[in-house]
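Trainee: Contents of my_file30.cif (mmCIF, C-alpha atoms):
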```
data_entry
loop_
_atom_site.group_PDB
_atom_site.id
_atom_site.type_symbol
_atom_site.label_atom_id
_atom_site.label_comp_id
_atom_site.auth_asym_id
_atom_site.auth_seq_id
_atom_site.Cartn_x
_atom_site.Cartn_y
_atom_site.Cartn_z
ATOM 1 C CA MET Y 1 95.207 -42.175 -63.440
ATOM 2 C CA LYS Y 2 91.744 -40.689 -63.478
ATOM 3 C CA ASN Y 3 89.502 -41.349 -60.489
ATOM 4 C CA SER Y 4 86.068 -42.332 -61.652
ATOM 5 C CA TYR Y 5 82.768 -43.200 -60.067
ATOM 6 C CA TYR Y 6 80.248 -45.301 -61.945
ATOM 7 C CA PRO Y 7 76.662 -45.703 -60.688
ATOM 8 C CA THR Y 8 75.546 -48.799 -58.833
ATOM 9 C CA THR Y 9 73.361 -51.087 -60.944
ATOM 10 C CA THR Y 10 71.405 -54.259 -60.208
ATOM 11 C CA PRO Y 11 73.955 -56.621 -61.851
ATOM 12 C CA LYS Y 12 76.706 -55.093 -59.701
ATOM 13 C CA ILE Y 13 74.697 -55.739 -56.549
ATOM 14 C CA VAL Y 14 73.927 -59.316 -57.635
ATOM 15 C CA VAL Y 15 77.616 -60.028 -58.353
ATOM 16 C CA PHE Y 16 78.525 -58.555 -54.967
ATOM 17 C CA VAL Y 17 75.928 -60.603 -53.049
ATOM 18 C CA VAL Y 18 76.827 -63.865 -54.825
ATOM 19 C CA THR Y 19 80.527 -63.224 -54.142
ATOM 20 C CA ILE Y 20 79.781 -62.743 -50.437
ATOM 21 C CA LEU Y 21 77.690 -65.942 -50.375
ATOM 22 C CA LEU Y 22 80.437 -67.930 -52.137
ATOM 23 C CA PHE Y 23 82.999 -66.561 -49.677
ATOM 24 C CA ILE Y 24 80.902 -67.548 -46.641
ATOM 25 C CA TRP Y 25 80.139 -70.987 -48.112
ATOM 26 C CA THR Y 26 83.859 -71.543 -48.754
ATOM 27 C CA ILE Y 27 84.691 -70.746 -45.130
ATOM 28 C CA ILE Y 28 81.952 -73.017 -43.739
ATOM 29 C CA ASP Y 29 82.275 -76.056 -46.049
ATOM 30 C CA SER Y 30 85.161 -78.508 -45.740
ATOM 31 C CA ASN Y 31 84.202 -81.049 -48.411
ATOM 32 C CA LEU Y 32 86.890 -81.056 -51.116
ATOM 33 C CA ILE Y 33 84.404 -81.732 -53.920
ATOM 34 C CA HIS Y 34 82.324 -78.739 -52.850
ATOM 35 C CA LEU Y 35 85.424 -76.562 -52.530
ATOM 36 C CA GLY Y 36 86.444 -77.476 -56.078
ATOM 37 C CA GLY Y 37 83.028 -76.424 -57.349
ATOM 38 C CA LEU Y 38 83.208 -73.232 -55.295
ATOM 39 C CA ALA Y 39 86.632 -72.432 -56.755
ATOM 40 C CA PHE Y 40 85.208 -72.776 -60.265
ATOM 41 C CA ALA Y 41 82.164 -70.681 -59.342
ATOM 42 C CA SER Y 42 84.485 -68.020 -57.920
ATOM 43 C CA LEU Y 43 86.375 -67.857 -61.194
ATOM 44 C CA VAL Y 44 83.089 -67.408 -63.037
ATOM 45 C CA MET Y 45 82.147 -64.610 -60.622
ATOM 46 C CA LEU Y 46 85.527 -62.969 -61.252
ATOM 47 C CA MET Y 47 84.704 -63.014 -64.964
ATOM 48 C CA PHE Y 48 81.338 -61.388 -64.209
ATOM 49 C CA HIS Y 49 83.106 -58.792 -62.054
ATOM 50 C CA PHE Y 50 85.160 -57.595 -65.008
ATOM 51 C CA HIS Y 51 82.099 -57.773 -67.257
ATOM 52 C CA PHE Y 52 79.787 -55.644 -65.092
ATOM 53 C CA TYR Y 53 82.227 -53.225 -63.462
ATOM 54 C CA GLU Y 54 83.401 -50.674 -65.991
ATOM 55 C CA SER Y 55 86.840 -50.000 -64.524
ATOM 56 C CA THR Y 56 89.099 -51.195 -61.713
ATOM 57 C CA SER Y 57 89.746 -47.544 -60.830
ATOM 58 C CA ASP Y 58 86.061 -47.118 -59.952
ATOM 59 C CA LYS Y 59 85.595 -45.617 -56.475
ATOM 60 C CA ASN Y 60 82.260 -47.377 -55.957
ATOM 61 C CA ILE Y 61 82.300 -49.271 -52.622
ATOM 62 C CA PHE Y 62 80.841 -52.425 -54.247
ATOM 63 C CA ASN Y 63 83.739 -52.477 -56.695
ATOM 64 C CA LYS Y 64 86.359 -52.175 -53.969
ATOM 65 C CA ILE Y 65 84.928 -54.870 -51.696
ATOM 66 C CA ASP Y 66 84.093 -57.283 -54.527
ATOM 67 C CA PHE Y 67 87.551 -56.880 -56.045
ATOM 68 C CA ILE Y 68 89.235 -57.569 -52.662
ATOM 69 C CA LEU Y 69 87.168 -60.709 -52.049
#
```
What would the structure in this file look like if it were written as structure tokens?
Mentor:
Amino acid sequence: MKNSYYPTTTPKIVVFVVTILLFIWTIIDSNLIHLGGLAFASLVMLMFHFHFYESTSDKNIFNKIDFIL
């Protein structure tokens, strides 16, 4: 497998920041209705992750952290 490094762009940073905010909100909130909405929003963010990041083998730190979260 080829190791690749793609440049950091604004959409990648936005996806990363929103993922972090959703993660923190999920930890803090205990309302089941809110958690259901957060689960759906997280799935949408996962879709955006695969749309904006070119490859899962990317060595960019934003890609690694966002993919783990």
Trainee: Rounded to one decimal place, report the CA of Val18 in chain Y-CA of Lys64 in chain Y distance in Å.
Mentor: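 So the two atoms, CA of Val18 in chain Y and CA of Lys64 in chain Y, lie 15.1 Å apart.
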Trainee: Show which residues sit within 9 Å of Phe23 in chain Y, as an MDAnalysis selection string. Count only C-alpha atoms, and ignore same-chain residues fewer than 6 positions away.
Mentor: chainID Y and resid 38 42 69
Trainee: For the PyMOL selection byres ((chain Y and resi 19) around 9), applied here, can you spell out every residue it catches as JSON, numbers by chain?
Mentor: {"Y": [14, 15, 16, 17, 18, 20, 21, 22, 23, 24, 42, 45, 46, 66, 69]}
Trainee: Using Å and a single decimal, report how far CA of Lys12 in chain Y sits from CA of Ile27 in chain Y.
Mentor: 22.8 Å
Trainee: Y:Phe67, Y:Phe62, Y:Trp25, Y:Phe50: which is nearest Tyr6 in chain Y, counting all atoms listed in the file?
Mentor: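 Under the stated criterion, the closest residue is Y:Phe62.
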Trainee: Kindly output range 8-19 of chain Y as a PDB file, keeping the file's coordinate frame, after building N, CA and C atoms.
Mentor:
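This went into rebuild.pdb:
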```
ATOM      1  N   THR Y   8      75.851 -47.434 -59.247  1.00  0.00           N
ATOM      2  CA  THR Y   8      75.546 -48.799 -58.833  1.00  0.00           C
ATOM      3  C   THR Y   8      74.334 -49.293 -59.609  1.00  0.00           C
ATOM      4  N   THR Y   9      74.459 -50.488 -60.185  1.00  0.00           N
ATOM      5  CA  THR Y   9      73.361 -51.087 -60.944  1.00  0.00           C
ATOM      6  C   THR Y   9      72.991 -52.425 -60.318  1.00  0.00           C
ATOM      7  N   THR Y  10      71.872 -52.978 -60.744  1.00  0.00           N
ATOM      8  CA  THR Y  10      71.405 -54.259 -60.208  1.00  0.00           C
ATOM      9  C   THR Y  10      72.399 -55.394 -60.462  1.00  0.00           C
ATOM     10  N   PRO Y  11      72.978 -55.540 -61.667  1.00  0.00           N
ATOM     11  CA  PRO Y  11      73.955 -56.621 -61.851  1.00  0.00           C
ATOM     12  C   PRO Y  11      75.164 -56.494 -60.927  1.00  0.00           C
ATOM     13  N   LYS Y  12      75.580 -55.282 -60.616  1.00  0.00           N
ATOM     14  CA  LYS Y  12      76.706 -55.093 -59.701  1.00  0.00           C
ATOM     15  C   LYS Y  12      76.355 -55.578 -58.294  1.00  0.00           C
ATOM     16  N   ILE Y  13      75.134 -55.293 -57.871  1.00  0.00           N
ATOM     17  CA  ILE Y  13      74.697 -55.739 -56.549  1.00  0.00           C
ATOM     18  C   ILE Y  13      74.581 -57.257 -56.510  1.00  0.00           C
ATOM     19  N   VAL Y  14      74.061 -57.853 -57.574  1.00  0.00           N
ATOM     20  CA  VAL Y  14      73.927 -59.316 -57.635  1.00  0.00           C
ATOM     21  C   VAL Y  14      75.311 -59.981 -57.591  1.00  0.00           C
ATOM     22  N   VAL Y  15      76.254 -59.472 -58.362  1.00  0.00           N
ATOM     23  CA  VAL Y  15      77.616 -60.028 -58.353  1.00  0.00           C
ATOM     24  C   VAL Y  15      78.218 -59.902 -56.957  1.00  0.00           C
ATOM     25  N   PHE Y  16      78.003 -58.771 -56.310  1.00  0.00           N
ATOM     26  CA  PHE Y  16      78.525 -58.555 -54.967  1.00  0.00           C
ATOM     27  C   PHE Y  16      77.927 -59.548 -53.963  1.00  0.00           C
ATOM     28  N   VAL Y  17      76.606 -59.706 -53.994  1.00  0.00           N
ATOM     29  CA  VAL Y  17      75.928 -60.603 -53.049  1.00  0.00           C
ATOM     30  C   VAL Y  17      76.353 -62.048 -53.287  1.00  0.00           C
ATOM     31  N   VAL Y  18      76.419 -62.481 -54.530  1.00  0.00           N
ATOM     32  CA  VAL Y  18      76.827 -63.865 -54.825  1.00  0.00           C
ATOM     33  C   VAL Y  18      78.283 -64.091 -54.400  1.00  0.00           C
ATOM     34  N   THR Y  19      79.138 -63.100 -54.585  1.00  0.00           N
ATOM     35  CA  THR Y  19      80.527 -63.224 -54.142  1.00  0.00           C
ATOM     36  C   THR Y  19      80.603 -63.392 -52.630  1.00  0.00           C
TER      37      THR Y  19
END
```
